[in-house]
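Asks: Below is one structure. I have some questions about it.
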Amino acid sequence: MNSPIEAFKELVSLRYQIYNSLFLTLNLDGVHQTGIWLPLLSEVCEKGFESQKNPTEIIDTFFAENKVTASEKDRIDQMFRFIQYIERQVVLVDALEDAAFTKVNDVNGVGSYRSLFERASNRNALEALKSSLKDFRVRIVLTAHPTQFYPGPVLGIISDLDTAIQNNNLRDIERYLEQLGKTPFFKKEKPSPLDEAISLIWYLENIFYHSIPKIYEHVYASLGPDAEEILEDNPLLQLGFWPGGDRDGNPFVNTQITLKVADRLRTSLFKCYFRDIRKLKRRITFRGTESLIQEIHDRLYAAAFTQADNPGFSPAELLDQLQELEAVLNDQHNGLFAEELKTLIHKVKIFGFHFSTLDVRQDSRVIKKTMAEVKRLNPDVFPENFDGLSSADQMEAVFALSGKIDPSSIEDPVLKDTADSFNTIRKIKDRNGDAGAYRYIISNCRGMEDVVNVFGLARLSGWEGQMNLDIIPLFETIDDLASAGETMTKLYEHPVYAAHIKGRGMKQVVMLGFSDGTKDGGYLSANWGIYKAKEAMTKVSREFGVSVTFFDGRGGPPARGGGNTHKFYASLGNEIESNRIQLTIQGQTISSNFGTVDSSRFNLEQLMSAGLENTVLDDSDKRLSSQARSLLEEISEISYKAYSEFKAHPCFVPYLEKMSTLKYYGQTNIGSRPSKRGKSDKLEFEDLRAIPFVGAWSQLKQNVPGFFGLGTAFEKLDKEGRLEELQNLYKESLFFRTLLENSMQSLSKSFFPLTAYMKNDPEFGEFWTWIYEESKRADQYLKHVSGQSVLLETNPAGRSSIKLRERIVLPLLTIQNYALIKIKELENRGEGDSEYAHAYRKLVVRSLYGNINAGRNSA
């Protein structure tokens with residue numbers, strides 16, 4: 001068997017060279033000539049940056065030496081064609097990596113359920129594993145955050161191309177590449193929240209509907225005769241869904257959209273069930289089965305197509321009929337096709353009638369304004385002296401609220417929708433079952449008051465008795481993370497909230513924001529702060545007999561909590577509750593990690609096994625000694641100070657605004673949500689959303705949020721003669737190793753020669769140099785501490801993938817910076833409104849696509 005790096009070279013790198021040459025033979029306008037010139041441009045770029053030339057010199061040199069075209073307009077047109085060509089090269093690499101996935105990755109190795117089961121068996125821990133599986137769950141939540149640049153048709157082509165490559169079907173490969181060349185990548189209009197939902201439901205229907213049951217049945221089979229009892233009420237893997245429910249900063253999401261998305265989730269699921277029963281109906285043709293399977297078939301057809309608004313039966317009724325049919329097959333027909341029927345039974349147990357739980361999310365400040373508006377319009381509901389009460393007494397009064405207000409009396413559409421969202425949740429429960437919607441997430445949660453406000457608004461929607469609603473605070477800033485344990489203590493101590501938690505089975509979900517945490521405090525400080533917050537909340541929750549679940553708001557890159565996610569969870573040990581893992585998956589991370597059934601199954605198993613390891617296998621490298629904790633605290637503080645000084649520099653926001661692609665993100669038409677908070681034309685740091693913030697650094701190939709402050713912290717300890725302490729910590733702590741290896745990913749995708757021209761800029765030259773020097777420190781010390789001669793030395797296949805992708809997009813990035821320079825020159829000459837200025841801006845926007853897709857987890 002080939003090693004992962006050998007498999008990558010053979011199945012990805014070599015095949016890329018072969019299939020890439022097919023582009024030249026396709027019947028596409030301008031492709032042949034562009035395909036001949038692009039390798040020449042790549043070579044000019046590589047040699048140019050080695051010679052310390054800037055993007056302007058490199059592009060001008062290319063056009064002059066190759067006599068490609070004469071006029072500026074023709075040059076711009078040709079640069080557009082280069083970008084379009086590169087976009088399709090990136091798709092080809094994606095398809096090749098997807099096709100080679102099971103060869104490049106050890107799908108049965110460390111991190112797989114099979115490996116975990118074998119390790120548990122060898123350590124006599126099978127009973128502990130079985131016990132953990134009764135309650136253990138993984139929930140991945142698909143978000144609508146705008147980091148997905150592939151339109152739906154292109155995703156379909158990637159899937160078909162993957163299959164053709166696996167089958168080595170050159171005829172189909174050629175046809176799909178030609179289709180790719182004719183298919184537009186650019187969206188002319190922003191998608192609506194419903195459009196976003198429909199795009200992501202494609203993954204539910206085509207990927208998760210198949211991969212999740214495969215894992216479930218693998219676990220089920222491993223448990224033997226105990227399986228039914230152990231997994232009786234546990235689907236193991238659950239799906240969450242934010243498109244259409246996430247209101248935070250998105251004024252286009254409202255009650256109508258939320259209900260439409262919930263309906264679409266349900267009908268999409270029924271169509272999947274119907275396709276399955278239609279196939280089974282062709283196989284199950286025996287006496288005693290005809291009327292039963294026909295009734296199931298007709299019910300599912302009606303629920304999917306003719307009676308979509310009212311299926312007329314429940315998941316329990318459907319399960320009863322399917323299990324009755326299963327009994328007939330086993331008792332009268334030797335179990336023929338019972339196994340296939342059992343798969344459908346498992347699917348109904350897992351997905352119910354909801355497919356995916358639709359979460360509702362809103363910002364705490366909007367919730368607070370809504371409560372104030374409700375009080376203004378409904379003064380009789382509140383105590384007369386409410387405004388004069390202390391904060392603690394006001395919370396007591398809100399906890400005691402009851403009644404039913406009319407949200408339609410609120411004029412502001414966002415506040416009206418916020419008040420009405422609790423009615424919306426109950427409507428979804430009626431249509432899709434209780435699992436259809438039961439989670440309310442409070443973004444930017446600052447403390448107990450924000451949770452109390454949600455509780456009060458839910459009561460004022462007419463929700464009486466025990467509310468089957470999980471109220472989930474989302475802690476994001478460094479300060480809020482530090483006080484999260486205290487906040488939860490106050491909530492657990494309050495008799496009203498304690499009664500609510502008791503009614504929810506003594507379970508509490510808490511969300512933690514990796515993206516905004518890193519933006520606020522830097523990479524090392526944010527990750528260590530979240531680690532400590534989880535410890536503190538685990539401790540206090542256990543003291544109150546509450547099982548806390550941590551819901552991690554993660555993005556694609558390490559700067560937003562991405563990278564080797566499964567290693568992160570495996571590193572937490574048993575001082576942090578991990579019997580249930582929940583995390584967001586968004587944008588390109590959905591397509592790159594869950595874009596095929598194989599990759600989806602692999603990554604879901606990795607998450608599942610990581611969480612189970614912490615309860616079943618207690619490994620020593622997951623425990624942090626007091627010395628390790630002290631060292632992590634020290635370097636975190638140094639790193640935080642360095643990042644805070646950097647963030648406070650007056651050039652920080654202007655640098656991103658004037659030198660990066662930040663302001664162009666909103667023009668890409670990839671998401672319905674505005675790219676920044678606030679309505680002011682002036683850009684403030686607080687208004688920066690995490691995705692365009694991290695994405696702008698990624699486009700600059702500087703990836704600051706994934707490393708800044710780390711090199712400074714390590715250098716300080718080195719000067720004190722303490723480098724060995726860091727090296728020992730790296731060897732002993734899986735958590736610290738994972739942090740550093742994820743930071744290596746960020747640095748491996750950085751390329752400072754691209755923007756070296758900025759060091760001569762009169763306004764930002766010193767600022768660029770500061771970033772560059774910190775990157776060199778981080779690179780140097782990551783290698784010193786880890787003992788690796790090059791970054792990601794222990795992950796050669798991953799390093800090769802990054803190298804291949806970065807080489808492909810180098811001409812695109814060079815064109816992007818060339819266009820940015822040209823725009824600045826034209827604006828300085830007062831020609832910012834000229835035809836060429838607009839053309840160069842379009843060039844910048846278009847260049848975002850290929851680079852983001854090539855990075856696979858860059859935003």
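Identifiers for the structure tokens are assigned positionally: chains receive A, B, ... in sequence, residues are indexed from 1 per chain, and ligands are indexed from 1 in the order shown.
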Using DSSP on the backbone, list every residue of region 302-492 of chain A that comes out as helix (DSSP H, G or I), and give them as a PyMOL selection string.
Replies: chain A and resi 302-306+315-332+338-351+364-377+379-381+386-388+391-399+407-409+413-432+434-436+448-460+478-482+484-492
Asks: Give me the residues within 6 Å of region 530-543 of chain A as a PyMOL selection string, counting only C-alpha atoms and dropping any in the same chain fewer than 4 places off.
Replies: chain A and resi 481+485+576-577
Asks: Keeping only N, CA and C atoms, write the selected residues as a PDB file, in the first residue's frame.
Replies:
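Once everything was written out, this is part11.pdb:
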ATOM      1  N   LEU A 481     -15.560  35.411  27.818  1.00  0.00           N
ATOM      2  CA  LEU A 481     -15.108  34.030  28.025  1.00  0.00           C
ATOM      3  C   LEU A 481     -14.580  33.852  29.453  1.00  0.00           C
ATOM      4  N   GLY A 485     -17.929  31.224  33.356  1.00  0.00           N
ATOM      5  CA  GLY A 485     -18.198  30.319  34.472  1.00  0.00           C
ATOM      6  C   GLY A 485     -19.056  30.989  35.531  1.00  0.00           C
ATOM      7  N   ILE A 576     -12.761  18.610  30.701  1.00  0.00           N
ATOM      8  CA  ILE A 576     -13.697  19.384  29.885  1.00  0.00           C
ATOM      9  C   ILE A 576     -14.756  18.431  29.358  1.00  0.00           C
ATOM     10  N   GLU A 577     -16.007  18.749  29.612  1.00  0.00           N
ATOM     11  CA  GLU A 577     -17.103  17.885  29.184  1.00  0.00           C
ATOM     12  C   GLU A 577     -17.084  17.735  27.664  1.00  0.00           C
TER      13      GLU A 577
END
Asks: Nearest to Leu126 (chain A) among A:Ile165, A:Leu223, A:Cys272, A:Ile350, with distances taken over only C-alpha atoms: which residue is it?
Replies: A:Leu223
Asks: What gap, in Å, lies between CA of Lys429 (chain A) and CA of Lys271 (chain A)?
Replies: 19.9 Å
Asks: Contacts of Asp298 (chain A) at 12 Å or less, counting only C-alpha atoms, minus same-chain residues fewer than 6 places along, as a list in words?
Replies: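 Selected residues are Phe270, Tyr273, Phe274, Arg275, Ile277, Arg278, Lys281, Ser291, Leu292, Ala304, Phe305, Thr306, Gln307, Pro311, Gly312 and Leu318 of chain A.
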Asks: Can those selected residues be exported to a file as an mmCIF file, in the first residue's frame so that it contains C-alpha atoms?
Replies:
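Here's the written file out.cif:
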data_model
loop_
_atom_site.group_PDB
_atom_site.id
_atom_site.type_symbol
_atom_site.label_atom_id
_atom_site.label_comp_id
_atom_site.auth_asym_id
_atom_site.auth_seq_id
_atom_site.Cartn_x
_atom_site.Cartn_y
_atom_site.Cartn_z
ATOM 1 C CA PHE A 270 -39.743 12.956 2.580
ATOM 2 C CA TYR A 273 -37.596 8.519 2.183
ATOM 3 C CA PHE A 274 -39.851 8.076 -0.843
ATOM 4 C CA ARG A 275 -36.931 7.244 -3.137
ATOM 5 C CA ILE A 277 -39.218 3.004 -0.264
ATOM 6 C CA ARG A 278 -39.696 3.013 -4.040
ATOM 7 C CA LYS A 281 -40.934 -1.840 -3.234
ATOM 8 C CA SER A 291 -50.601 -3.892 1.153
ATOM 9 C CA LEU A 292 -48.263 -2.724 3.922
ATOM 10 C CA ALA A 304 -43.351 14.601 -0.379
ATOM 11 C CA PHE A 305 -45.511 15.850 -3.229
ATOM 12 C CA THR A 306 -49.285 16.182 -2.819
ATOM 13 C CA GLN A 307 -49.846 16.826 0.910
ATOM 14 C CA PRO A 311 -48.282 14.642 6.085
ATOM 15 C CA GLY A 312 -51.054 13.264 8.292
ATOM 16 C CA LEU A 318 -44.006 5.523 10.203
#
Asks: Looking at only C-alpha atoms, which of A:Asn851, A:Val845, A:Leu336, A:Asn603 is the one that sits closest to Arg807 (chain A)?
Replies: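 Ranked by minimum distance to Arg807 (chain A), first place goes to A:Asn851.
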Asks: Applying 6 Å and only C-alpha atoms, which residues near Leu812 (chain A) remain after dropping the ones on its own chain fewer than 3 positions away? List them as a ChimeraX atom specification.
Replies: /A:83,809,815
Asks: Could you pull the residues within 12 Å of Pro762 (chain A), counting only C-alpha atoms, minus those fewer than 6 positions along the same chain, as a list in words?
Replies: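 With the cut-off at 12 Å, the set is Cys651, Tyr655 and Trp768 of chain A.
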Asks: Let me see the file: selected residues, N, CA, C and O atoms, as a PDB file, in the first residue's frame.
Replies:
ATOM      1  N   CYS A 651      -2.971  52.217  12.210  1.00  0.00           N
ATOM      2  CA  CYS A 651      -2.958  51.722  10.827  1.00  0.00           C
ATOM      3  C   CYS A 651      -3.772  50.446  10.642  1.00  0.00           C
ATOM      4  O   CYS A 651      -4.009  50.026   9.506  1.00  0.00           O
ATOM      5  N   TYR A 655      -5.258  49.840   7.090  1.00  0.00           N
ATOM      6  CA  TYR A 655      -4.444  48.914   6.294  1.00  0.00           C
ATOM      7  C   TYR A 655      -5.333  47.896   5.590  1.00  0.00           C
ATOM      8  O   TYR A 655      -5.194  47.648   4.380  1.00  0.00           O
ATOM      9  N   TRP A 768       3.484  47.018   7.495  1.00  0.00           N
ATOM     10  CA  TRP A 768       3.731  45.770   6.774  1.00  0.00           C
ATOM     11  C   TRP A 768       4.981  45.078   7.328  1.00  0.00           C
ATOM     12  O   TRP A 768       4.984  43.851   7.530  1.00  0.00           O
TER      13      TRP A 768
END
Asks: So, counting only C-alpha atoms, which residue among A:Leu329, A:Ile215, A:Leu726, A:Val348 is closest to Asp276 (chain A)?
Replies: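 Comparing A:Leu329, A:Ile215, A:Leu726, A:Val348 against Asp276 (chain A), the winner is A:Val348.
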Asks: Using only C-alpha atoms, which protein or nucleic acid residues come within 6 Å of region 244-248 of chain A? Drop anything in the same chain fewer than 6 positions from it, and give the result as a ChimeraX atom specification.
Replies: /A:193,257-258,261,359-363
Asks: How would the residues just picked look written out with C-alpha atoms as a PDB file, in the first residue's frame?
Replies:
ATOM      1  CA  PRO A 193     -31.640  33.330   2.793  1.00  0.00           C
ATOM      2  CA  ILE A 257     -38.281  32.782   5.500  1.00  0.00           C
ATOM      3  CA  THR A 258     -37.785  30.619   8.600  1.00  0.00           C
ATOM      4  CA  VAL A 261     -36.872  26.770   5.152  1.00  0.00           C
ATOM      5  CA  ASP A 359     -31.609  27.031  15.040  1.00  0.00           C
ATOM      6  CA  VAL A 360     -32.731  30.599  15.734  1.00  0.00           C
ATOM      7  CA  ARG A 361     -29.993  33.121  16.546  1.00  0.00           C
ATOM      8  CA  GLN A 362     -30.083  36.810  17.387  1.00  0.00           C
ATOM      9  CA  ASP A 363     -27.655  39.362  18.831  1.00  0.00           C
TER      10      ASP A 363
END
Asks: Just want the 10 Å neighbourhood of Ser609 (chain A), counted on only C-alpha atoms, with same-chain residues fewer than 5 positions away dropped. Output as a PyMOL selection string.
Replies: chain A and resi 110-117+138+566+569-570+603-604+614+616
